[in-house]
>>> print(open('input26.cif').read())   # mmCIF, C-alpha atoms
data_target
#
loop_
_atom_site.label_atom_id
_atom_site.label_comp_id
_atom_site.auth_asym_id
_atom_site.auth_seq_id
_atom_site.Cartn_x
_atom_site.Cartn_y
_atom_site.Cartn_z
CA MET I 12 24.12 81.75 -139.54
CA ARG I 13 25.22 84.91 -137.73
CA ARG I 14 28.80 84.79 -136.50
CA GLN I 15 29.05 85.37 -132.76
CA VAL I 16 30.44 88.81 -132.11
CA LYS I 17 33.66 89.01 -130.12
CA ILE I 18 33.11 91.59 -127.39
CA GLY I 19 36.03 93.33 -125.73
CA LEU I 20 35.85 95.28 -122.49
CA ALA I 21 38.03 98.37 -121.96
CA LEU I 22 38.35 99.43 -118.32
CA GLY I 23 39.66 102.93 -117.79
CA SER I 24 42.05 104.43 -115.27
CA GLY I 25 41.08 106.72 -112.41
CA GLY I 26 42.21 105.48 -109.01
CA ALA I 27 39.43 105.12 -106.44
CA ARG I 28 36.87 106.00 -109.10
CA GLY I 29 37.66 102.58 -110.54
CA LEU I 30 35.69 100.88 -107.80
CA ALA I 31 32.75 101.72 -110.05
CA HIS I 32 34.13 99.08 -112.42
CA LEU I 33 33.07 96.45 -109.91
CA GLY I 34 29.43 97.47 -110.25
CA VAL I 35 29.64 97.32 -114.04
CA LEU I 36 31.39 93.92 -113.96
CA ALA I 37 28.80 92.52 -111.56
CA ARG I 38 26.03 93.54 -113.95
CA LEU I 39 27.79 91.98 -116.95
CA ASN I 40 28.12 88.73 -115.01
CA GLU I 41 24.48 88.94 -113.93
CA TRP I 42 23.38 89.39 -117.55
CA GLY I 43 25.56 86.54 -118.78
CA VAL I 44 27.67 88.70 -121.09
CA LYS I 45 30.58 86.65 -122.43
CA LEU I 46 33.73 88.63 -123.15
CA HIS I 47 36.34 87.79 -125.75
CA CYS I 48 39.00 89.91 -124.02
CA VAL I 49 39.60 92.57 -121.39
CA ALA I 50 42.05 95.46 -121.50
CA GLY I 51 42.63 97.64 -118.47
CA THR I 52 44.68 100.65 -117.49
CA SER I 53 45.75 101.39 -113.89
CA ILE I 54 42.77 100.63 -111.63
CA GLY I 55 41.17 99.20 -114.78
CA ALA I 56 44.02 96.69 -114.98
CA ILE I 57 43.32 95.64 -111.40
CA MET I 58 39.62 95.22 -112.08
CA GLY I 59 40.26 93.41 -115.34
CA ALA I 60 42.42 90.87 -113.50
CA ILE I 61 39.75 90.50 -110.81
CA TYR I 62 37.13 89.88 -113.51
CA ALA I 63 39.33 87.29 -115.21
CA SER I 64 39.86 85.62 -111.84
CA GLY I 65 36.13 85.29 -111.20
CA THR I 66 36.34 87.17 -107.89
CA VAL I 67 34.18 90.23 -108.60
CA ASP I 68 31.65 89.43 -105.86
CA LYS I 69 34.46 88.79 -103.36
CA ALA I 70 36.08 92.11 -104.24
CA ILE I 71 32.77 93.96 -103.87
CA ALA I 72 32.23 92.48 -100.42
CA TRP I 73 35.72 93.58 -99.35
CA ALA I 74 35.43 97.08 -100.84
CA GLU I 75 32.06 97.76 -99.23
CA ARG I 76 33.54 96.96 -95.80
CA LEU I 77 36.59 99.14 -96.36
CA ASP I 78 37.09 101.75 -93.62
CA TRP I 79 39.78 104.33 -92.92
CA ALA I 80 42.04 101.83 -91.14
CA GLY I 81 41.73 99.32 -93.96
CA ALA I 82 42.46 101.95 -96.60
CA ALA I 83 45.49 103.14 -94.64
CA THR I 84 47.03 99.65 -94.65
CA LEU I 85 47.22 99.77 -98.44
CA PHE I 86 49.86 102.48 -98.09
CA ALA I 87 51.42 101.46 -94.75
CA GLU I 88 55.00 101.00 -95.88
CA ILE I 89 58.21 102.96 -95.72
CA ASN I 90 60.14 103.75 -98.88
CA MET I 91 62.82 106.35 -99.40
CA PRO I 92 61.10 108.60 -101.97
CA VAL I 93 63.75 108.44 -104.67
CA THR I 94 61.36 107.27 -107.39
CA GLY I 95 58.09 107.04 -105.45
CA PHE I 96 56.67 107.22 -101.93
CA PHE I 97 55.47 103.61 -102.01
CA THR I 98 56.58 100.41 -103.70
CA GLY I 99 53.00 99.24 -104.14
CA ARG I 100 53.73 95.91 -102.48
CA ARG I 101 51.10 96.42 -99.79
CA VAL I 102 48.51 96.87 -102.51
CA GLU I 103 49.92 93.82 -104.27
CA GLU I 104 49.58 91.70 -101.11
CA ARG I 105 45.91 92.61 -100.89
CA LEU I 106 45.30 92.01 -104.58
CA ARG I 107 46.70 88.48 -104.41
CA LYS I 108 43.63 87.56 -102.37
CA PHE I 109 41.54 88.29 -105.47
CA ILE I 110 43.96 87.49 -108.29
CA PRO I 111 45.27 83.92 -107.95
CA TYR I 112 46.95 83.60 -111.34
CA GLY I 113 50.70 83.83 -111.63
CA ASP I 114 50.96 84.27 -115.39
CA PHE I 115 48.85 86.01 -118.02
CA SER I 116 48.60 82.68 -119.86
CA GLU I 117 46.59 81.21 -116.95
CA SER I 118 43.76 83.70 -117.35
CA PRO I 119 40.62 82.10 -118.83
CA VAL I 120 39.83 85.43 -120.54
CA PRO I 121 42.60 87.10 -122.57
CA LEU I 122 43.79 90.03 -120.49
CA ALA I 123 46.08 92.94 -121.32
CA THR I 124 47.28 95.75 -119.07
CA VAL I 125 48.63 99.11 -120.23
CA ALA I 126 51.70 100.83 -118.82
CA THR I 127 53.95 103.72 -119.85
CA ASP I 128 57.69 103.64 -120.41
CA ILE I 129 58.61 106.68 -118.33
CA ALA I 130 61.90 107.17 -120.18
CA THR I 131 60.44 107.27 -123.70
CA GLY I 132 56.75 108.03 -123.17
CA GLU I 133 55.80 104.92 -125.15
CA GLU I 134 52.70 102.85 -124.49
CA VAL I 135 53.58 99.33 -123.33
CA VAL I 136 50.89 96.64 -123.56
CA LEU I 137 51.54 93.70 -121.25
CA ARG I 138 50.02 90.33 -122.17
CA THR I 139 52.65 87.77 -121.19
CA GLY I 140 54.70 86.89 -118.15
CA ASP I 141 53.89 87.64 -114.53
CA MET I 142 50.32 88.94 -114.31
CA MET I 143 50.71 90.75 -111.00
CA GLU I 144 53.80 92.51 -112.29
CA GLY I 145 51.81 93.63 -115.32
CA VAL I 146 49.01 94.89 -113.12
CA ARG I 147 51.40 96.68 -110.75
CA ALA I 148 53.19 98.40 -113.62
CA SER I 149 49.86 99.65 -114.92
CA TYR I 150 48.84 101.33 -111.63
CA ALA I 151 52.26 102.77 -110.69
CA ILE I 152 51.19 106.43 -110.43
CA PRO I 153 54.37 108.49 -110.97
CA GLY I 154 55.71 109.91 -107.73
CA VAL I 155 53.25 107.90 -105.64
CA PHE I 156 54.42 104.36 -106.52
CA THR I 157 57.87 103.34 -107.67
CA PRO I 158 58.18 102.29 -111.33
CA VAL I 159 58.24 98.60 -112.21
CA GLU I 160 61.33 97.43 -114.07
CA ARG I 161 60.53 94.97 -116.84
CA ASP I 162 62.60 94.01 -119.87
CA GLY I 163 64.97 96.88 -119.19
CA ARG I 164 62.18 99.45 -119.06
CA GLN I 165 60.91 101.56 -116.19
CA LEU I 166 57.13 101.26 -116.35
CA VAL I 167 54.55 103.53 -114.72
CA ASP I 168 50.82 104.20 -114.87
CA GLY I 169 49.37 103.56 -118.33
CA GLY I 170 46.89 106.40 -117.87
CA LEU I 171 49.54 108.80 -119.13
CA VAL I 172 49.24 107.43 -122.66
CA ASN I 173 46.07 105.31 -122.91
CA PRO I 174 43.64 105.80 -120.01
CA LEU I 175 40.77 104.07 -121.84
CA PRO I 176 42.29 101.16 -123.83
CA ILE I 177 39.71 100.72 -126.56
CA SER I 178 42.50 100.33 -129.11
CA VAL I 179 44.03 97.46 -127.14
CA CYS I 180 40.73 95.55 -127.21
CA ARG I 181 40.69 95.94 -131.00
CA GLU I 182 44.25 94.64 -131.15
CA LEU I 183 43.17 91.61 -129.12
CA GLY I 184 40.61 90.75 -131.80
CA ALA I 185 37.43 92.31 -130.44
CA ASP I 186 34.75 93.02 -133.05
CA ALA I 187 32.97 95.39 -130.69
CA VAL I 188 34.04 97.17 -127.51
CA ILE I 189 32.25 98.12 -124.32
CA ALA I 190 34.27 100.90 -122.68
CA VAL I 191 33.93 101.99 -119.07
CA ASP I 192 35.05 105.60 -118.55
CA ILE I 193 35.30 106.62 -114.89
CA ASN I 194 36.64 110.14 -115.31
CA LEU I 195 34.37 112.37 -117.34
CA ARG I 196 30.91 112.07 -115.78
CA LYS I 197 30.40 113.99 -112.55
CA GLY I 198 28.18 113.00 -109.66
CA PRO I 199 25.18 114.99 -108.39
CA PRO I 200 25.72 118.31 -106.53
CA GLY I 201 27.24 117.78 -103.11
CA TYR I 202 28.51 114.31 -104.02
CA ARG I 203 32.20 115.16 -103.86
CA ARG I 204 34.08 114.97 -100.59
CA THR I 205 35.55 118.46 -100.56
CA LYS I 206 38.97 119.20 -99.09
CA LYS I 207 40.40 122.57 -98.17
CA SER I 208 43.96 121.44 -98.84
CA LEU I 209 45.64 118.55 -100.63
CA LYS I 210 48.65 116.56 -99.53
CA ILE I 211 51.50 115.91 -101.92
CA MET I 212 50.31 112.42 -102.89
CA GLU I 213 46.88 113.80 -103.73
CA ILE I 214 48.44 116.59 -105.76
CA LEU I 215 50.49 114.07 -107.74
CA ALA I 216 47.50 111.78 -108.28
CA ASN I 217 45.19 114.62 -109.28
CA THR I 218 47.78 115.96 -111.72
CA ILE I 219 47.69 112.60 -113.51
CA SER I 220 43.89 112.66 -113.35
CA ILE I 221 43.72 116.01 -115.16
CA LEU I 222 45.93 114.63 -117.92
CA GLU I 223 43.90 111.41 -118.13
CA ASN I 224 40.70 113.38 -118.58
CA GLU I 225 42.04 115.20 -121.62
CA VAL I 226 43.46 112.05 -123.19
CA THR I 227 40.18 110.21 -122.54
CA ARG I 228 38.19 112.90 -124.33
CA GLY I 229 40.46 112.53 -127.35
CA THR I 230 40.17 108.75 -127.26
CA LEU I 231 36.38 108.78 -127.18
CA ALA I 232 36.31 111.20 -130.09
CA ALA I 233 38.77 109.28 -132.24
CA GLN I 234 38.01 105.69 -131.23
CA ALA I 235 34.36 105.65 -130.23
CA PRO I 236 33.42 102.35 -128.55
CA ASP I 237 30.25 100.49 -129.47
CA VAL I 238 28.91 101.10 -125.96
CA CYS I 239 30.28 103.64 -123.48
CA VAL I 240 29.38 103.17 -119.82
CA GLN I 241 30.10 106.25 -117.70
CA PRO I 242 29.53 105.94 -113.95
CA ALA I 243 28.95 109.28 -112.25
CA VAL I 244 32.19 109.22 -110.25
CA GLY I 245 34.31 111.79 -112.07
CA ASP I 246 34.57 114.03 -109.02
CA ILE I 247 35.81 111.40 -106.55
CA PHE I 248 39.38 112.04 -105.45
CA THR I 249 41.86 109.62 -106.99
CA LEU I 250 42.99 108.20 -103.64
CA ASP I 251 39.65 108.40 -101.78
CA PHE I 252 38.88 104.70 -101.39
CA LEU I 253 36.37 105.42 -98.64
CA THR I 254 33.81 106.20 -101.35
CA ALA I 255 33.73 102.52 -102.35
CA ARG I 256 30.04 101.89 -101.76
CA ALA I 257 28.95 105.02 -103.65
CA ALA I 258 31.30 104.23 -106.53
CA ILE I 259 30.07 100.65 -106.85
CA GLU I 260 26.45 101.82 -106.79
CA ALA I 261 27.29 104.33 -109.53
CA GLY I 262 28.70 101.44 -111.55
CA TYR I 263 25.49 99.47 -111.20
CA ALA I 264 23.42 102.48 -112.23
CA ALA I 265 25.57 103.32 -115.26
CA ALA I 266 25.48 99.74 -116.51
CA ASP I 267 21.70 99.66 -116.10
CA GLU I 268 21.45 102.80 -118.24
CA ARG I 269 23.22 100.99 -121.06
CA ARG I 270 21.65 97.56 -120.60
CA ALA I 271 19.57 97.71 -123.77
CA GLU I 272 22.62 98.68 -125.84
CA ILE I 273 24.75 95.95 -124.29
CA GLU I 274 22.10 93.29 -124.85
CA ALA I 275 21.65 94.50 -128.43
CA LEU I 276 25.40 94.21 -128.90
CA VAL I 277 25.37 90.64 -127.68
CA LYS I 278 22.31 89.69 -129.73
CA GLU I 279 22.81 91.58 -132.97
CA GLY I 280 26.52 92.04 -133.24
CA ARG I 281 26.60 95.77 -132.58
CA ALA I 282 24.66 98.31 -130.55
CA SER I 283 21.95 100.32 -132.19
#
>>> encode(input="input26.cif", output="structure tokens")
Amino acid sequence: MRRQVKIGLALGSGGARGLAHLGVLARLNEWGVKLHCVAGTSIGAIMGAIYASGTVDKAIAWAERLDWAGAATLFAEINMPVTGFFTGRRVEERLRKFIPYGDFSESPVPLATVATDIATGEEVVLRTGDMMEGVRASYAIPGVFTPVERDGRQLVDGGLVNPLPISVCRELGADAVIAVDINLRKGPPGYRRTKKSLKIMEILANTISILENEVTRGTLAAQAPDVCVQPAVGDIFTLDFLTARAAIEAGYAAADERRAEIEALVKEGRAS
């Protein structure tokens, strides 16, 4: 008798590009793919928690209705920019509508989020305690959001050290990993919303994005996943959440491209 393969899902960082994760997750649910664990970094941590909460369809419906006013409310707070322009609590308030669990232990699917200790540069994998705190630490883009203090550490965006957490899925016991990279594949010509000038938040976010791209390339070379899904969203600005519909559609399309490999992974134990 063939032992059932334990499939892990690694969801990469990338800000607004991560809305493409929703399209991929919807397809996995549609195809009945059962996951042993999920590891996410930054926006991938958010989407991993949404997947574990069973609210993917609800999140898609919200994202596809998102307009400029709705996007602005995510950042409508005042914070003295000592360690970051925003605390991230507005984002957290919105996320609680999709992520009902208080503790990682409540998640029906083992979930891990990745953050960075900004003082030491160490990767910090969060699997216990307050789930929303773990998610918020993972998406705390340096300079944009304030760090999250946990266990005496100042934690920021995990994309600095592990933007595509394939290794974390392996640590969680996955035999095979489906990775979703939202940084490296560009959209068709004319797809990007061009801007003549960038504001300071966009400069900070894009600086992190450039670093994440290089680290992701190294990760894919050294830790190749069994299946790599790459939505064509790599040229969406990190904070441009108005591209939600296009990003989600790109997620659907990228998952469809890899459907045969994913189904082979489920059926045979590894992709051909």
>>> atom_distance(input="input26.cif", atom1="atom CA of I:Phe156", atom2="atom CA of I:Glu133")
18.7 Å
>>> residues_around(input="input26.cif", residues="stretch 234-251 of chain I", least_positions_apart="6", cutoff="6 Å", atoms="only C-alpha atoms", output="MDAnalysis selection string")
chainID I and resid 26:28 187:198 203 261:262 265
>>> closest_residue(input="input26.cif", among="I:Thr127, I:Gly34, I:Val172, I:Glu182", to="I:Glu160", atoms="only C-alpha atoms")
I:Thr127
>>> closest_residue(input="input26.cif", among="I:Leu39, I:Val16, I:Ala233, I:Ile57", to="I:Ser178", atoms="all atoms listed in the file")
I:Ala233
>>> residues_around(input="input26.cif", residues="I:Gly43", least_positions_apart="6", cutoff="12 Å", atoms="only C-alpha atoms", output="number ranges by chain")
I: 36-37, 270, 273-274, 277-278
>>> residues_around(input="input26.cif", residues="I:Lys108", least_positions_apart="3", cutoff="12 Å", atoms="only C-alpha atoms", output="compact mmCIF listing (two decimals) with C-alpha atoms, in the frame of the given file")
# COMPACT_ATOMS: atom_id res chain seq x y z
CA ALA I 60 42.42 90.87 -113.50
CA ILE I 61 39.75 90.50 -110.81
CA SER I 64 39.86 85.62 -111.84
CA GLY I 65 36.13 85.29 -111.20
CA THR I 66 36.34 87.17 -107.89
CA VAL I 67 34.18 90.23 -108.60
CA LYS I 69 34.46 88.79 -103.36
CA ALA I 70 36.08 92.11 -104.24
CA TRP I 73 35.72 93.58 -99.35
CA ARG I 101 51.10 96.42 -99.79
CA VAL I 102 48.51 96.87 -102.51
CA GLU I 103 49.92 93.82 -104.27
CA GLU I 104 49.58 91.70 -101.11
CA ARG I 105 45.91 92.61 -100.89
CA PRO I 111 45.27 83.92 -107.95
CA TYR I 112 46.95 83.60 -111.34
CA MET I 143 50.71 90.75 -111.00
